[in-house]
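J.: Have a look at the structure that comes next, please.
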Amino acid sequence: MKITIKLSILFLSLTVLSCKQIGDDMVTVGSPSALSESVIFSNVDLAKGAVDGIKIPMAETNSYRGRWIPFYGMNTDTEWFNASESTSNDKADLCVYDTKKNNSQMNDPKNVWAMMYTGIERANLCIRGLRTYGNPVPGSDLGYLLGEALALRAIYYSDLVKGWGDVPARFEPITTETVYMAKSSRDVIYKQLLMDLEEAATLVPWPNGNAATTSVERINKAFVKGLRARVALAASGYSQYPDGIRRSTDPELSVAKLYPIALQECRDVINSGSAKLEPTFIGLWKKYNQEVLAAGGESLWEIPFDAGRGRVLFTFAVNHATNDQYQQMGSNIGGQGGPLPNVFYDFDVKDSRRDVTCVPYKWGNAVSGKAKQEVGAFNRWYFGKYRFEWMSRLVTSTNDDGVNKIYMRYAEILLMAAETANELEGPASAAVYLKQLRNRAFAAADRPEKVENYVNALTSKQSMFNAIVAEQEYEFTGEMERKLALIRWNLLGTKMADAKARLTELKNRTDRYADVPSVLYYKYAADNETLIIYGLNRGENTDPGAGWTAVDWTSLSDSKIASLYRNNPDTKQFWPIWQVFIEGSNNMLTNDYGY
């Protein structure tokens with residue numbers, strides 16, 4: 001048995017470091033015997049270990065942990081890499097639509113591209129083994145594992161297509177004949193994912209439907225259906241092709257074909273009652289930072305990181321200048337990205353999501369181990385959804401906080417339902433879903449105006465669609481979901497240009513931002529730690545008097561605004577395939593889009 005397990009682990013750990021390296025490995029490393037696979041994939045415990053191994057590549061140093069999560073999705077009309085002006089390294093290039101194929105952060109054989117294909121290869125082995133030896137029928141443990149493997153493979157592939165467009169399609173384990181592969185049409189990949197997720201939904205139960213699905217770290221039916229809806233919308237939406245920005249020409253991926261699928265999947269989740277919005281927006285994010293993993297709430301699935309892996313807060317939390325009472329990871333932790341300065345002022349002042357999403361302060365240098373909040377710079381806001389001060393434990397690792405990444409939450413189900421219902425049935429059908437999100441965002445006293453009157457006035461498809469686009473900003477800023485949405489709506493370039501215009505107006509205090517104050521006033525609450533700020537809201541231009549300290553609130557330069565993007569985003573929707581993989585592809589891989 002030990003020999004069998006070792007052989008299996010050896011086979012499962014064949015990594016896609018480059019096509020050439022795979023070829024070398026395939027020549028020198030034998031795959032396990034049919035007997036060993038039959039033992040592993042007919043045994044629930046061994047098969048579970050193999051399926052769990054599909055997720056391991058996500059936590060590798062330059063994979064999701066240190067490259068995909070920190071950089072993909074940055075620089076939209078709501079979010080930016082706070083050092084977008086930097087030319088000291090290649091990090092900014094990844095965000096400002098100026099990425100080169102030899103980018104020093106990415107051009108490495110153990111990069112996230114390689115790790116995604118490592119995860120796919122592990123999934124392919126598990127899917128083949130479970131189908132061949134496991135009798136994975138619905139309702140069985142091995143059936144659940146097959147559904148989980150199919151869903152995990154779909155996660156990797158949906159992210160590959162999101163990041164690179166057309167990529168090699170590997171849906172069977174690598175053989176000597178398939179070591180080198182050219183890119184496949186993303187349409188082929190999307191169609192396979194839609195089929196795989198349809199099957200997976202028959203195999204995995206709803207949240208809390210079995211022991212595995214009591215945790216958001218394991219795949220459940222609500223997530224699978226939500227992911228299928230997301231894939232359907234991406235597949236039928238716009239994206240950049242070598243011949244321009246367009247929808248797919250495949251009739252199987254048309255809006256008419258896929259929007260009904262997406263709407264039905266979302267309605268299945270909603271009608272199941274297996275997931276729900278958290279009662280308050282701030283409560284949702286406090287639970288997230290407290291690492292509450294119980295399924296049945298708003299989080300549908302999270303990329304699971306061990307306490308010693310994962311850098312979500314390390315990367316995106318409200319910045320901490322030094323070790324203090326809330327984190328012991330070191331100096332200048334958090335704050336790599338943040339909302340654009342105008343986003344705070346685009347929110348309705350009564351929207352409870354605003355102050356959770358957009359934070360204008362950081363944590364200063366600790367004195368005797370304790371820090372307090374300090375007003376930051378006007379051009380450097382922070383994502384308030386990620387806060388060490390909301391955690392239930394003190395992180396002492398110098399590299400990794402171990403906090404999971406929410407991959408999908410129930411709010412997205414509601415927005416996708418609203419979008420597809422609006423397109424297929426009209427704004428009245430969409431209104432019920434939009435109202436649910438806004439009901440959570442506004443206090444009961446404000447709902448007649450901010451929810452009922454606002455949504456009921458959206459009587460055309462276009463006005464409802466525009467409201468959904470805006471709601472996605474208010475709900476998801478800081479979660480790096482905006483870029484894909486703008487691409488599939490064919491709004492990336494338009495919205496990015498508008499963002500630059502908004503930032504310029506904000507800098508000059510003209511037009512849409514003429515009433516934004518130029519001076520902030522602050523003092524400390526009784527705890528001598530928490531800031532009380534006056535002058536953040538539009539129109540708060542009066543000096544509040546004694547006891548308040550004034551600070552300038554205008555630092556936003558033309559060069560900072562220009563750094564939002566260096567090239568037209570619509571011509572650089574994807575990253576290039578990195579040089580190391582091009583060179584190792586036996587001339588099978590090439591880049592498009594002028595890379």
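Going by the structure tokens order, chains are called A, B, ..., each with residues numbered from 1, while ligands are numbered from 1 in the order shown.
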Report the closest atom pair, with its distance in Å rounded to one decimal, for each residue of region 79-189 of chain A that has an atom no farther than 12 Å from region 558-573 of chain A; count only C-alpha atoms, sort by chain and then rising residue number, and write it as JSON lines.

T.:
```
{"residue": "A:Glu79", "atom": "CA", "partner": "A:Leu564", "partner_atom": "CA", "distance": 9.2}
{"residue": "A:Trp80", "atom": "CA", "partner": "A:Leu564", "partner_atom": "CA", "distance": 6.9}
{"residue": "A:Phe81", "atom": "CA", "partner": "A:Leu564", "partner_atom": "CA", "distance": 8.4}
{"residue": "A:Asn82", "atom": "CA", "partner": "A:Lys560", "partner_atom": "CA", "distance": 9.4}
{"residue": "A:Ala83", "atom": "CA", "partner": "A:Lys560", "partner_atom": "CA", "distance": 8.9}
{"residue": "A:Ser84", "atom": "CA", "partner": "A:Ser563", "partner_atom": "CA", "distance": 5.6}
{"residue": "A:Glu85", "atom": "CA", "partner": "A:Ser563", "partner_atom": "CA", "distance": 5.3}
{"residue": "A:Ser86", "atom": "CA", "partner": "A:Ser563", "partner_atom": "CA", "distance": 8.8}
{"residue": "A:Thr87", "atom": "CA", "partner": "A:Ser563", "partner_atom": "CA", "distance": 10.7}
{"residue": "A:Ala92", "atom": "CA", "partner": "A:Ser563", "partner_atom": "CA", "distance": 9.0}
{"residue": "A:Asp93", "atom": "CA", "partner": "A:Arg566", "partner_atom": "CA", "distance": 8.8}
{"residue": "A:Leu94", "atom": "CA", "partner": "A:Tyr565", "partner_atom": "CA", "distance": 10.3}
{"residue": "A:Cys95", "atom": "CA", "partner": "A:Tyr565", "partner_atom": "CA", "distance": 7.7}
{"residue": "A:Val96", "atom": "CA", "partner": "A:Tyr565", "partner_atom": "CA", "distance": 4.3}
{"residue": "A:Tyr97", "atom": "CA", "partner": "A:Lys572", "partner_atom": "CA", "distance": 5.7}
{"residue": "A:Asp98", "atom": "CA", "partner": "A:Arg566", "partner_atom": "CA", "distance": 6.3}
{"residue": "A:Thr99", "atom": "CA", "partner": "A:Lys572", "partner_atom": "CA", "distance": 8.4}
{"residue": "A:Lys100", "atom": "CA", "partner": "A:Lys572", "partner_atom": "CA", "distance": 10.7}
{"residue": "A:Val161", "atom": "CA", "partner": "A:Gln573", "partner_atom": "CA", "distance": 11.0}
{"residue": "A:Lys162", "atom": "CA", "partner": "A:Gln573", "partner_atom": "CA", "distance": 8.9}
{"residue": "A:Gly163", "atom": "CA", "partner": "A:Gln573", "partner_atom": "CA", "distance": 8.1}
{"residue": "A:Trp164", "atom": "CA", "partner": "A:Gln573", "partner_atom": "CA", "distance": 8.3}
{"residue": "A:Gly165", "atom": "CA", "partner": "A:Gln573", "partner_atom": "CA", "distance": 8.6}
```

J.: Just the strand (DSSP E or B) stuff from region 224-455 of chain A, please, per backbone DSSP, written as a VMD selection string.

T.: chain A and resid 239 to 241 244 to 246 294 299 to 303 320 327 333 337 to 339 358 to 359 361 to 363 367 370 373 to 375 382 to 383 395 405 to 409

J.: Near region 466-469 of chain A, within 8 Å and counting only C-alpha atoms, which residues show up once chain neighbours fewer than 2 positions away are dropped, as an mmCIF file with all heavy atoms, in the first residue's frame?

T.:
```
data_model
loop_
_atom_site.group_PDB
_atom_site.id
_atom_site.type_symbol
_atom_site.label_atom_id
_atom_site.label_comp_id
_atom_site.auth_asym_id
_atom_site.auth_seq_id
_atom_site.Cartn_x
_atom_site.Cartn_y
_atom_site.Cartn_z
ATOM 1 N N LEU A 415 -27.015 39.224 -8.418
ATOM 2 C CA LEU A 415 -26.736 40.153 -9.518
ATOM 3 C C LEU A 415 -26.818 39.455 -10.874
ATOM 4 O O LEU A 415 -27.310 40.034 -11.851
ATOM 5 C CB LEU A 415 -25.366 40.789 -9.333
ATOM 6 C CG LEU A 415 -25.330 42.106 -8.552
ATOM 7 C CD1 LEU A 415 -23.905 42.647 -8.503
ATOM 8 C CD2 LEU A 415 -26.258 43.146 -9.160
ATOM 9 N N ALA A 418 -30.431 39.040 -11.644
ATOM 10 C CA ALA A 418 -31.007 40.307 -12.086
ATOM 11 C C ALA A 418 -30.636 40.592 -13.539
ATOM 12 O O ALA A 418 -31.482 41.001 -14.345
ATOM 13 C CB ALA A 418 -30.537 41.435 -11.174
ATOM 14 N N GLU A 419 -29.381 40.386 -13.889
ATOM 15 C CA GLU A 419 -28.915 40.681 -15.245
ATOM 16 C C GLU A 419 -29.607 39.808 -16.284
ATOM 17 O O GLU A 419 -30.076 40.302 -17.323
ATOM 18 C CB GLU A 419 -27.406 40.490 -15.315
ATOM 19 C CG GLU A 419 -26.806 40.776 -16.674
ATOM 20 C CD GLU A 419 -25.309 40.535 -16.734
ATOM 21 O OE1 GLU A 419 -24.689 40.318 -15.673
ATOM 22 O OE2 GLU A 419 -24.756 40.571 -17.853
ATOM 23 N N LEU A 434 -32.442 42.823 -7.461
ATOM 24 C CA LEU A 434 -31.713 44.048 -7.156
ATOM 25 C C LEU A 434 -32.163 44.629 -5.824
ATOM 26 O O LEU A 434 -31.350 45.139 -5.039
ATOM 27 C CB LEU A 434 -31.909 45.063 -8.280
ATOM 28 C CG LEU A 434 -31.098 46.348 -8.204
ATOM 29 C CD1 LEU A 434 -29.600 46.052 -8.136
ATOM 30 C CD2 LEU A 434 -31.410 47.239 -9.402
ATOM 31 N N LEU A 458 -36.698 52.017 -12.654
ATOM 32 C CA LEU A 458 -35.906 51.395 -13.725
ATOM 33 C C LEU A 458 -36.849 50.599 -14.623
ATOM 34 O O LEU A 458 -36.980 49.386 -14.508
ATOM 35 C CB LEU A 458 -34.832 50.494 -13.116
ATOM 36 C CG LEU A 458 -33.890 51.170 -12.111
ATOM 37 C CD1 LEU A 458 -33.020 50.131 -11.401
ATOM 38 C CD2 LEU A 458 -33.010 52.204 -12.807
ATOM 39 N N GLN A 462 -32.453 49.010 -20.590
ATOM 40 C CA GLN A 462 -31.186 49.720 -20.539
ATOM 41 C C GLN A 462 -30.968 50.372 -19.181
ATOM 42 O O GLN A 462 -29.865 50.311 -18.630
ATOM 43 C CB GLN A 462 -31.112 50.777 -21.636
ATOM 44 C CG GLN A 462 -29.731 51.425 -21.776
ATOM 45 C CD GLN A 462 -28.637 50.438 -22.137
ATOM 46 O OE1 GLN A 462 -28.782 49.673 -23.096
ATOM 47 N NE2 GLN A 462 -27.542 50.427 -21.376
ATOM 48 N N SER A 463 -32.003 50.992 -18.634
ATOM 49 C CA SER A 463 -31.840 51.633 -17.322
ATOM 50 C C SER A 463 -31.586 50.596 -16.243
ATOM 51 O O SER A 463 -30.777 50.822 -15.334
ATOM 52 C CB SER A 463 -33.069 52.478 -16.984
ATOM 53 O OG SER A 463 -34.235 51.684 -16.857
ATOM 54 N N MET A 464 -32.229 49.440 -16.335
ATOM 55 C CA MET A 464 -31.982 48.380 -15.357
ATOM 56 C C MET A 464 -30.563 47.839 -15.510
ATOM 57 O O MET A 464 -29.854 47.622 -14.518
ATOM 58 C CB MET A 464 -33.000 47.258 -15.521
ATOM 59 C CG MET A 464 -32.754 46.050 -14.615
ATOM 60 S SD MET A 464 -32.765 46.424 -12.833
ATOM 61 C CE MET A 464 -34.532 46.557 -12.535
ATOM 62 N N GLU A 471 -24.433 48.735 -9.503
ATOM 63 C CA GLU A 471 -24.555 47.955 -8.270
ATOM 64 C C GLU A 471 -23.387 47.002 -8.108
ATOM 65 O O GLU A 471 -22.920 46.756 -6.989
ATOM 66 C CB GLU A 471 -25.874 47.181 -8.277
ATOM 67 C CG GLU A 471 -26.377 46.803 -6.901
ATOM 68 C CD GLU A 471 -26.831 48.011 -6.099
ATOM 69 O OE1 GLU A 471 -27.229 49.026 -6.699
ATOM 70 O OE2 GLU A 471 -26.791 47.928 -4.846
ATOM 71 N N GLN A 472 -22.906 46.462 -9.213
ATOM 72 C CA GLN A 472 -21.749 45.575 -9.144
ATOM 73 C C GLN A 472 -20.541 46.316 -8.585
ATOM 74 O O GLN A 472 -19.748 45.758 -7.832
ATOM 75 C CB GLN A 472 -21.452 45.026 -10.545
ATOM 76 C CG GLN A 472 -20.719 43.699 -10.566
ATOM 77 C CD GLN A 472 -19.213 43.882 -10.649
ATOM 78 O OE1 GLN A 472 -18.694 44.990 -10.712
ATOM 79 N NE2 GLN A 472 -18.497 42.765 -10.633
ATOM 80 N N GLU A 473 -20.394 47.589 -8.933
ATOM 81 C CA GLU A 473 -19.315 48.408 -8.369
ATOM 82 C C GLU A 473 -19.486 48.559 -6.870
ATOM 83 O O GLU A 473 -18.536 48.342 -6.099
ATOM 84 C CB GLU A 473 -19.313 49.789 -9.028
ATOM 85 C CG GLU A 473 -18.397 50.789 -8.342
ATOM 86 C CD GLU A 473 -18.521 52.204 -8.896
ATOM 87 O OE1 GLU A 473 -19.099 52.377 -9.977
ATOM 88 O OE2 GLU A 473 -18.030 53.138 -8.222
#
```

J.: Please list as a VMD selection string every residue within 12 Å of Gln336 (chain A), counting only C-alpha atoms and excluding residues in the same chain fewer than 4 positions away.

T.: chain A and resid 69 to 71 74 to 75 79 to 84 91 to 92 95 311 to 320 332 380 to 383 386 478

J.: Go ahead and write the selection's residues with N, CA, C and O atoms as a compact mmCIF listing (two decimals), in the first residue's frame.

T.:
```txt
# COMPACT_ATOMS: atom_id res chain seq x y z
N ILE A 69 -3.93 36.29 -7.16
CA ILE A 69 -4.76 37.11 -6.27
C ILE A 69 -4.22 38.53 -6.13
O ILE A 69 -5.00 39.49 -6.20
N PRO A 70 -2.93 38.74 -5.95
CA PRO A 70 -2.45 40.11 -5.80
C PRO A 70 -2.55 40.98 -7.06
O PRO A 70 -2.65 42.20 -6.94
N PHE A 71 -2.54 40.37 -8.26
CA PHE A 71 -2.40 41.20 -9.45
C PHE A 71 -3.54 41.10 -10.45
O PHE A 71 -3.88 42.10 -11.09
N MET A 74 -6.64 43.91 -10.89
CA MET A 74 -6.28 45.26 -10.49
C MET A 74 -6.46 46.23 -11.66
O MET A 74 -6.35 45.86 -12.81
N ASN A 75 -6.68 47.48 -11.32
CA ASN A 75 -6.85 48.59 -12.26
C ASN A 75 -8.07 48.41 -13.16
O ASN A 75 -7.99 47.96 -14.30
N GLU A 79 -10.87 50.06 -8.88
CA GLU A 79 -9.74 49.58 -8.08
C GLU A 79 -8.43 49.88 -8.81
O GLU A 79 -8.39 49.92 -10.03
N TRP A 80 -7.37 50.06 -8.02
CA TRP A 80 -6.06 50.16 -8.64
C TRP A 80 -4.96 49.71 -7.70
O TRP A 80 -5.12 49.67 -6.48
N PHE A 81 -3.89 49.30 -8.34
CA PHE A 81 -2.63 49.01 -7.65
C PHE A 81 -2.11 50.35 -7.13
O PHE A 81 -1.91 51.29 -7.90
N ASN A 82 -1.91 50.45 -5.84
CA ASN A 82 -1.60 51.76 -5.26
C ASN A 82 -0.26 52.32 -5.73
O ASN A 82 -0.01 53.51 -5.61
N ALA A 83 0.61 51.44 -6.25
CA ALA A 83 1.89 51.89 -6.79
C ALA A 83 1.90 51.83 -8.31
O ALA A 83 2.90 51.49 -8.93
N SER A 84 0.78 52.17 -8.93
CA SER A 84 0.68 52.07 -10.39
C SER A 84 1.69 52.94 -11.12
O SER A 84 2.03 52.66 -12.27
N LYS A 91 5.83 44.90 -11.21
CA LYS A 91 4.51 44.68 -10.60
C LYS A 91 3.46 45.58 -11.23
O LYS A 91 2.36 45.14 -11.57
N ALA A 92 3.78 46.86 -11.35
CA ALA A 92 2.80 47.79 -11.91
C ALA A 92 2.40 47.42 -13.32
O ALA A 92 1.23 47.56 -13.72
N CYS A 95 -0.65 45.46 -13.93
CA CYS A 95 -1.93 46.08 -13.59
C CYS A 95 -2.33 47.19 -14.55
O CYS A 95 -3.52 47.47 -14.69
N ARG A 311 -1.96 35.08 1.23
CA ARG A 311 -1.52 36.45 1.49
C ARG A 311 -2.61 37.48 1.19
O ARG A 311 -2.31 38.58 0.72
N VAL A 312 -3.85 37.15 1.43
CA VAL A 312 -4.92 38.08 1.07
C VAL A 312 -4.86 39.34 1.91
O VAL A 312 -4.85 40.46 1.38
N LEU A 313 -4.82 39.21 3.22
CA LEU A 313 -4.71 40.39 4.07
C LEU A 313 -3.32 41.01 3.97
O LEU A 313 -3.18 42.24 3.99
N PHE A 314 -2.31 40.19 3.91
CA PHE A 314 -0.94 40.68 3.73
C PHE A 314 -0.87 41.63 2.53
O PHE A 314 -0.16 42.63 2.55
N THR A 315 -1.65 41.32 1.50
CA THR A 315 -1.65 42.13 0.28
C THR A 315 -2.62 43.29 0.34
O THR A 315 -2.27 44.42 0.01
N PHE A 316 -3.86 43.03 0.78
CA PHE A 316 -4.94 44.00 0.55
C PHE A 316 -5.53 44.64 1.80
O PHE A 316 -6.38 45.53 1.69
N ALA A 317 -5.13 44.21 2.97
CA ALA A 317 -5.74 44.78 4.18
C ALA A 317 -5.42 46.26 4.32
O ALA A 317 -4.47 46.78 3.71
N VAL A 318 -6.18 46.95 5.16
CA VAL A 318 -5.84 48.31 5.55
C VAL A 318 -4.40 48.30 6.05
O VAL A 318 -4.00 47.44 6.85
N ASN A 319 -3.59 49.23 5.58
CA ASN A 319 -2.15 49.21 5.81
C ASN A 319 -1.79 49.38 7.29
O ASN A 319 -2.38 50.20 7.99
N HIS A 320 -0.80 48.60 7.73
CA HIS A 320 -0.21 48.73 9.06
C HIS A 320 1.26 49.08 8.90
O HIS A 320 2.01 48.36 8.24
N ASN A 332 4.82 47.85 7.03
CA ASN A 332 4.16 48.17 5.77
C ASN A 332 3.39 46.98 5.22
O ASN A 332 3.55 46.57 4.07
N ARG A 380 -4.40 57.46 -1.95
CA ARG A 380 -4.06 56.10 -1.51
C ARG A 380 -5.07 55.61 -0.47
O ARG A 380 -4.82 55.63 0.72
N TRP A 381 -6.21 55.17 -0.96
CA TRP A 381 -7.23 54.60 -0.09
C TRP A 381 -6.97 53.10 0.07
O TRP A 381 -6.16 52.50 -0.65
N TYR A 382 -7.70 52.47 0.99
CA TYR A 382 -7.53 51.05 1.26
C TYR A 382 -8.87 50.32 1.22
O TYR A 382 -9.93 50.91 1.45
N PHE A 383 -8.79 49.03 0.92
CA PHE A 383 -9.98 48.18 0.92
C PHE A 383 -10.33 47.80 2.36
O PHE A 383 -9.59 47.03 3.00
N TYR A 386 -10.88 43.99 4.13
CA TYR A 386 -9.81 43.13 4.66
C TYR A 386 -9.13 43.88 5.81
O TYR A 386 -8.48 44.89 5.60
N GLY A 478 -12.98 45.90 -4.63
CA GLY A 478 -12.00 45.29 -3.73
C GLY A 478 -11.96 43.79 -3.77
O GLY A 478 -11.13 43.17 -3.10
```

J.: Counting only C-alpha atoms, figure out which residue out of A:Leu142, A:Ala445, A:Leu536, A:Ala235 gets nearest to Ala256 (chain A).

T.: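 Of the candidates, the smallest distance to Ala256 (chain A) is held by A:Ala235.
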
J.: Which of these, A:Ile40, A:Lys225, A:Lys495, A:Asn365, has the shortest distance to Gly330 (chain A) once you count only C-alpha atoms?

T.: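 Using only C-alpha atoms, the shortest distance to Gly330 (chain A) belongs to A:Asn365.
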
J.: Considering only C-alpha atoms, state which residue in the set A:Leu233, A:Ile270, A:Leu394, A:Ala321 is at the smallest distance from Ile487 (chain A).

T.: A:Leu233

J.: Could you list, as a list of chain:residue names, every residue within 8 Å of region 575-587 of chain A, counting only C-alpha atoms and ignoring same-chain residues fewer than 5 positions away?

T.: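 These residues fall inside the cut-off: A:Ser18, A:Cys19, A:Lys20, A:Gln21, A:Leu94, A:Thr99, A:Lys100, A:Lys101, A:Asn102, A:Asn103, A:Met106, A:Asn107, A:Asp108, A:Pro109, A:Gly163, A:Trp164, A:Tyr180, A:Met181, A:Asp592, A:Tyr595.
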